[in-house]
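Chemist: Quick one, my_file.csv (CSV, N, CA and C atoms):
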```csv
chain,number,residue,atom,x,y,z
H,710,MET,N,208.4,-102.6,-154.3
H,710,MET,CA,209.5,-102.6,-155.2
H,710,MET,C,209.3,-101.5,-156.3
H,711,ARG,N,208.0,-101.2,-156.6
H,711,ARG,CA,207.8,-100.2,-157.6
H,711,ARG,C,208.4,-98.9,-157.3
H,712,ASP,N,208.3,-98.4,-156.1
H,712,ASP,CA,209.0,-97.1,-155.7
H,712,ASP,C,210.5,-97.2,-155.9
H,713,ARG,N,211.1,-98.3,-155.5
H,713,ARG,CA,212.5,-98.5,-155.6
H,713,ARG,C,212.9,-98.5,-157.1
H,714,PHE,N,212.2,-99.2,-157.9
H,714,PHE,CA,212.4,-99.3,-159.3
H,714,PHE,C,212.3,-97.9,-159.9
H,715,ARG,N,211.3,-97.2,-159.6
H,715,ARG,CA,211.0,-95.9,-160.2
H,715,ARG,C,212.1,-94.9,-159.8
H,716,SER,N,212.7,-95.0,-158.5
H,716,SER,CA,213.7,-94.1,-158.1
H,716,SER,C,215.1,-94.5,-158.6
H,717,GLY,N,215.2,-95.6,-159.3
H,717,GLY,CA,216.5,-95.9,-159.9
H,717,GLY,C,217.4,-96.8,-159.0
H,718,ASP,N,216.8,-97.6,-158.1
H,718,ASP,CA,217.5,-98.5,-157.3
H,718,ASP,C,217.9,-99.7,-158.1
H,719,PRO,N,219.3,-99.9,-158.4
H,719,PRO,CA,219.7,-101.0,-159.2
H,719,PRO,C,219.3,-102.4,-158.7
H,720,SER,N,219.2,-102.5,-157.4
H,720,SER,CA,218.8,-103.8,-156.8
H,720,SER,C,217.3,-104.1,-157.2
H,721,ALA,N,216.5,-103.1,-157.4
H,721,ALA,CA,215.1,-103.3,-157.8
H,721,ALA,C,215.1,-103.8,-159.3
H,722,LEU,N,216.0,-103.3,-160.1
H,722,LEU,CA,216.1,-103.8,-161.4
H,722,LEU,C,216.5,-105.3,-161.4
H,723,GLY,N,217.4,-105.6,-160.6
H,723,GLY,CA,217.8,-107.0,-160.5
H,723,GLY,C,216.7,-107.9,-160.0
H,724,GLU,N,216.0,-107.5,-159.1
H,724,GLU,CA,214.8,-108.2,-158.6
H,724,GLU,C,213.8,-108.4,-159.6
H,725,ALA,N,213.5,-107.3,-160.4
H,725,ALA,CA,212.5,-107.4,-161.5
H,725,ALA,C,213.0,-108.4,-162.5
H,726,TYR,N,214.2,-108.4,-162.8
H,726,TYR,CA,214.8,-109.3,-163.8
H,726,TYR,C,214.6,-110.7,-163.3
H,727,ASP,N,215.1,-111.0,-162.1
H,727,ASP,CA,215.0,-112.3,-161.6
H,727,ASP,C,213.5,-112.9,-161.5
H,728,GLU,N,212.6,-112.0,-161.3
H,728,GLU,CA,211.2,-112.4,-161.1
H,728,GLU,C,210.5,-112.5,-162.5
H,729,HIS,N,210.9,-111.7,-163.5
H,729,HIS,CA,210.1,-111.7,-164.7
H,729,HIS,C,210.8,-112.1,-166.0
H,730,ALA,N,212.1,-112.2,-166.0
H,730,ALA,CA,212.8,-112.4,-167.3
H,730,ALA,C,212.3,-113.7,-167.9
H,731,ARG,N,212.1,-114.8,-167.1
H,731,ARG,CA,211.8,-116.1,-167.7
H,731,ARG,C,210.4,-116.0,-168.4
H,732,VAL,N,209.4,-115.3,-167.8
H,732,VAL,CA,208.1,-115.2,-168.4
H,732,VAL,C,208.2,-114.4,-169.7
H,733,LEU,N,209.0,-113.3,-169.7
H,733,LEU,CA,209.2,-112.5,-170.9
H,733,LEU,C,209.8,-113.3,-172.0
H,734,TYR,N,210.8,-114.1,-171.6
H,734,TYR,CA,211.5,-114.9,-172.6
H,734,TYR,C,210.5,-115.9,-173.2
H,735,HIS,N,209.7,-116.6,-172.4
H,735,HIS,CA,208.8,-117.6,-173.0
H,735,HIS,C,207.7,-117.0,-173.9
H,736,TYR,N,207.3,-115.8,-173.5
H,736,TYR,CA,206.3,-115.1,-174.2
H,736,TYR,C,206.9,-114.7,-175.6
H,737,ALA,N,208.1,-114.1,-175.6
H,737,ALA,CA,208.8,-113.7,-176.8
H,737,ALA,C,209.1,-114.9,-177.7
H,738,PHE,N,209.5,-116.0,-177.1
H,738,PHE,CA,209.8,-117.2,-177.9
H,738,PHE,C,208.5,-117.7,-178.6
H,739,ARG,N,207.4,-117.7,-177.9
H,739,ARG,CA,206.2,-118.1,-178.5
H,739,ARG,C,205.8,-117.2,-179.7
H,740,VAL,N,206.0,-115.9,-179.6
H,740,VAL,CA,205.6,-115.0,-180.6
H,740,VAL,C,206.7,-115.0,-181.8
H,741,CYS,N,207.9,-115.0,-181.4
H,741,CYS,CA,209.0,-114.9,-182.5
H,741,CYS,C,209.4,-116.3,-183.0
H,742,GLY,N,209.3,-117.3,-182.2
H,742,GLY,CA,209.7,-118.6,-182.7
H,742,GLY,C,211.2,-118.8,-182.8
H,743,ASP,N,212.0,-117.9,-182.2
H,743,ASP,CA,213.4,-118.0,-182.3
H,743,ASP,C,214.0,-117.6,-180.9
H,744,ARG,N,215.0,-118.5,-180.5
H,744,ARG,CA,215.6,-118.3,-179.2
H,744,ARG,C,216.4,-117.0,-179.1
H,745,THR,N,217.2,-116.7,-180.1
H,745,THR,CA,218.0,-115.5,-180.1
H,745,THR,C,217.1,-114.3,-180.1
H,746,ALA,N,216.1,-114.3,-180.9
H,746,ALA,CA,215.2,-113.1,-181.0
H,746,ALA,C,214.5,-112.9,-179.6
H,747,ALA,N,214.1,-114.0,-179.0
H,747,ALA,CA,213.5,-113.9,-177.7
H,747,ALA,C,214.5,-113.4,-176.6
H,748,GLU,N,215.7,-113.8,-176.7
H,748,GLU,CA,216.7,-113.2,-175.7
H,748,GLU,C,216.9,-111.7,-176.0
H,749,ASP,N,216.9,-111.3,-177.3
H,749,ASP,CA,217.1,-109.9,-177.6
H,749,ASP,C,215.9,-109.1,-177.1
H,750,VAL,N,214.7,-109.7,-177.2
H,750,VAL,CA,213.5,-109.0,-176.7
H,750,VAL,C,213.6,-108.8,-175.2
H,751,VAL,N,214.0,-109.8,-174.5
H,751,VAL,CA,214.1,-109.7,-173.0
H,751,VAL,C,215.1,-108.6,-172.7
H,752,SER,N,216.2,-108.6,-173.3
H,752,SER,CA,217.3,-107.6,-173.0
H,752,SER,C,216.7,-106.2,-173.3
H,753,ALA,N,216.1,-106.0,-174.5
H,753,ALA,CA,215.6,-104.7,-174.9
H,753,ALA,C,214.5,-104.3,-174.0
H,754,ALA,N,213.7,-105.2,-173.6
H,754,ALA,CA,212.5,-104.8,-172.7
H,754,ALA,C,213.0,-104.3,-171.4
H,755,PHE,N,214.0,-104.9,-170.8
H,755,PHE,CA,214.5,-104.4,-169.5
H,755,PHE,C,215.3,-103.1,-169.7
H,756,LEU,N,216.0,-103.0,-170.8
H,756,LEU,CA,216.7,-101.7,-171.0
H,756,LEU,C,215.7,-100.6,-171.2
H,757,GLU,N,214.6,-100.8,-171.9
H,757,GLU,CA,213.6,-99.8,-172.1
H,757,GLU,C,212.8,-99.5,-170.8
H,758,ALA,N,212.6,-100.6,-170.0
H,758,ALA,CA,211.9,-100.4,-168.7
H,758,ALA,C,212.7,-99.5,-167.8
H,759,TRP,N,214.0,-99.8,-167.8
H,759,TRP,CA,214.9,-99.0,-167.0
H,759,TRP,C,215.0,-97.5,-167.5
H,760,ARG,N,215.0,-97.4,-168.8
H,760,ARG,CA,215.1,-96.0,-169.4
H,760,ARG,C,213.8,-95.2,-169.0
H,761,CYS,N,212.6,-95.9,-169.0
H,761,CYS,CA,211.3,-95.3,-168.8
H,761,CYS,C,210.8,-95.5,-167.4
H,762,ARG,N,211.7,-95.8,-166.4
H,762,ARG,CA,211.2,-96.2,-165.1
H,762,ARG,C,210.4,-95.1,-164.4
H,763,GLY,N,210.6,-93.9,-164.8
H,763,GLY,CA,209.8,-92.8,-164.2
H,763,GLY,C,208.4,-92.8,-164.5
H,764,LYS,N,208.0,-93.6,-165.5
H,764,LYS,CA,206.5,-93.8,-165.8
H,764,LYS,C,205.8,-94.8,-164.9
H,765,VAL,N,206.6,-95.6,-164.1
H,765,VAL,CA,206.0,-96.6,-163.3
H,765,VAL,C,205.3,-95.9,-162.1
H,766,HIS,N,204.0,-96.2,-161.9
H,766,HIS,CA,203.3,-95.7,-160.8
H,766,HIS,C,203.7,-96.4,-159.5
H,767,GLY,N,203.9,-95.7,-158.4
H,767,GLY,CA,204.3,-96.3,-157.1
H,767,GLY,C,203.4,-97.3,-156.6
H,768,ASP,N,202.1,-97.1,-156.8
H,768,ASP,CA,201.1,-98.0,-156.3
H,768,ASP,C,200.8,-99.1,-157.4
H,769,GLY,N,200.4,-100.2,-156.9
H,769,GLY,CA,200.0,-101.3,-157.9
H,769,GLY,C,200.8,-102.5,-157.5
H,770,GLY,N,200.5,-103.5,-158.3
H,770,GLY,CA,201.1,-104.9,-158.0
H,770,GLY,C,202.4,-105.1,-158.8
H,771,SER,N,202.4,-106.2,-159.4
H,771,SER,CA,203.5,-106.7,-160.2
H,771,SER,C,203.9,-105.8,-161.3
H,772,LEU,N,205.2,-105.8,-161.7
H,772,LEU,CA,205.6,-105.1,-162.9
H,772,LEU,C,205.4,-105.9,-164.1
H,773,ARG,N,205.0,-107.1,-164.0
H,773,ARG,CA,204.9,-108.0,-165.1
H,773,ARG,C,204.0,-107.5,-166.2
H,774,PRO,N,202.8,-107.0,-166.0
H,774,PRO,CA,202.0,-106.5,-167.1
H,774,PRO,C,202.7,-105.4,-167.9
H,775,TRP,N,203.3,-104.5,-167.2
H,775,TRP,CA,204.0,-103.4,-167.8
H,775,TRP,C,205.2,-103.9,-168.6
H,776,LEU,N,206.0,-104.8,-168.1
H,776,LEU,CA,207.1,-105.4,-168.8
H,776,LEU,C,206.6,-106.2,-170.0
H,777,LEU,N,205.5,-106.9,-169.9
H,777,LEU,CA,205.0,-107.6,-171.1
H,777,LEU,C,204.5,-106.7,-172.2
H,778,GLY,N,204.0,-105.5,-171.8
H,778,GLY,CA,203.6,-104.5,-172.7
H,778,GLY,C,204.8,-103.9,-173.5
H,779,ILE,N,205.8,-103.7,-172.7
H,779,ILE,CA,207.1,-103.2,-173.4
H,779,ILE,C,207.6,-104.2,-174.3
H,780,ALA,N,207.6,-105.5,-173.9
H,780,ALA,CA,208.1,-106.6,-174.8
H,780,ALA,C,207.3,-106.7,-176.1
H,781,THR,N,206.0,-106.5,-175.9
H,781,THR,CA,205.1,-106.6,-177.1
H,781,THR,C,205.4,-105.5,-178.0
H,782,ASN,N,205.6,-104.3,-177.5
H,782,ASN,CA,205.9,-103.1,-178.4
H,782,ASN,C,207.2,-103.2,-179.1
H,783,ILE,N,208.2,-103.9,-178.6
H,783,ILE,CA,209.5,-103.9,-179.2
H,783,ILE,C,209.7,-105.2,-180.0
H,784,MET,N,208.8,-106.2,-179.9
H,784,MET,CA,209.0,-107.4,-180.6
H,784,MET,C,209.1,-107.3,-182.1
H,785,PRO,N,210.1,-107.9,-182.7
H,785,PRO,CA,210.2,-107.9,-184.1
H,785,PRO,C,209.0,-108.6,-184.8
H,786,GLY,N,208.5,-108.0,-185.8
H,786,GLY,CA,207.5,-108.6,-186.6
H,786,GLY,C,206.1,-108.6,-185.9
H,787,ARG,N,206.0,-107.8,-184.9
H,787,ARG,CA,204.7,-107.9,-184.1
H,787,ARG,C,203.6,-107.4,-185.0
H,788,ARG,N,202.4,-107.9,-184.7
H,788,ARG,CA,201.3,-107.5,-185.5
H,788,ARG,C,200.6,-106.4,-184.9
H,789,ALA,N,200.2,-105.4,-185.6
H,789,ALA,CA,199.5,-104.2,-185.1
H,789,ALA,C,198.0,-104.4,-184.9
```
Translate this structure into structure tokens?
Modeler:
Amino acid sequence: MRDRFRSGDPSALGEAYDEHARVLYHYAFRVCGDRTAAEDVVSAAFLEAWRCRGKVHGDGGSLRPWLLGIATNIMPGRRA
């Protein structure tokens, strides 16, 4: 799926969302403590992932660690 995601296949984005959005939401909710903020983080993380999809390496496993890193970087009030 990484190659398809990187090349801009919209179905790969859908698959990544279906597979990882719930985990990103729970992570963001634990950090932010707010449901609306967590939903915003998930949306922004997938938007940024799609915008930066060319940075995804074709080899490797799950996109989850990369997506969690993006979520961490955009999370409001994150600690440096």
Chemist: May I ask for the distance between atom CA of Arg744 of chain H and atom CA of Gly723 of chain H, given in Å to one decimal place?
Modeler: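 Separation between atom CA of Arg744 of chain H and atom CA of Gly723 of chain H: 22.0 Å.
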Chemist: Using all atoms listed in the file, which protein or nucleic acid residues come within 6.5 Å of Tyr734 of chain H? Drop anything in the same chain fewer than 4 positions from it, and give the result as a list in words.
Modeler: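 The neighbour list is His729, Ala730, Phe738, Arg739, Ala747, Glu748 and Val751 of chain H.
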Chemist: Could you check the closest approach to Phe714 of chain H for each of H:Arg762, H:Ala754, H:Asp727, H:Ala746 and tell me which residue wins, using all atoms listed in the file?
Modeler: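 Of the candidates, the smallest distance to Phe714 of chain H is held by H:Arg762.
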Chemist: I'd like to know which of H:Leu756, H:Arg773, H:Ile783, H:Arg715 is closest to Glu728 of chain H, using all atoms listed in the file.
Modeler: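 Going through H:Leu756, H:Arg773, H:Ile783, H:Arg715 one by one, the smallest distance to Glu728 of chain H is for H:Arg773.
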Chemist: Any idea what the distance is between atom CA of Asp718 of chain H and atom CA of Leu776 of chain H?
Modeler: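 For atom CA of Asp718 of chain H relative to atom CA of Leu776 of chain H, the distance reads 17.0 Å.
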Chemist: Show me, as a short mmCIF file (atom, residue, chain, number, x, y, z; two decimals) with N, CA and C atoms, keeping the file's coordinate frame, the residues that have an atom within 12 Å of Ser720 of chain H when counting only C-alpha atoms, minus same-chain residues fewer than 6 positions from it.
Modeler:
```cif
data_model
loop_
_atom_site.label_atom_id
_atom_site.label_comp_id
_atom_site.auth_asym_id
_atom_site.auth_seq_id
_atom_site.Cartn_x
_atom_site.Cartn_y
_atom_site.Cartn_z
N MET H 710 208.40 -102.60 -154.30
CA MET H 710 209.50 -102.60 -155.20
C MET H 710 209.30 -101.50 -156.30
N ARG H 711 208.00 -101.20 -156.60
CA ARG H 711 207.80 -100.20 -157.60
C ARG H 711 208.40 -98.90 -157.30
N ASP H 712 208.30 -98.40 -156.10
CA ASP H 712 209.00 -97.10 -155.70
C ASP H 712 210.50 -97.20 -155.90
N ARG H 713 211.10 -98.30 -155.50
CA ARG H 713 212.50 -98.50 -155.60
C ARG H 713 212.90 -98.50 -157.10
N PHE H 714 212.20 -99.20 -157.90
CA PHE H 714 212.40 -99.30 -159.30
C PHE H 714 212.30 -97.90 -159.90
N TYR H 726 214.20 -108.40 -162.80
CA TYR H 726 214.80 -109.30 -163.80
C TYR H 726 214.60 -110.70 -163.30
N ASP H 727 215.10 -111.00 -162.10
CA ASP H 727 215.00 -112.30 -161.60
C ASP H 727 213.50 -112.90 -161.50
N TRP H 759 214.00 -99.80 -167.80
CA TRP H 759 214.90 -99.00 -167.00
C TRP H 759 215.00 -97.50 -167.50
#
```
Chemist: Using atom CA of Gly742 of chain H and atom N of Met784 of chain H as the two end points, give the distance in Å to one decimal.
Modeler: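 It comes out at 12.7 Å.
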Chemist: Output, as AutoDock Vina command-line options, the centre and edge lengths in Å (one decimal) of the axis-aligned box that contains all listed atoms of segment 719-738 of chain H with 8 Å of margin on each side.
Modeler:
```
--center_x 213.0 --center_y -108.8 --center_z -167.7 --size_x 29.4 --size_y 33.8 --size_z 37.8
```
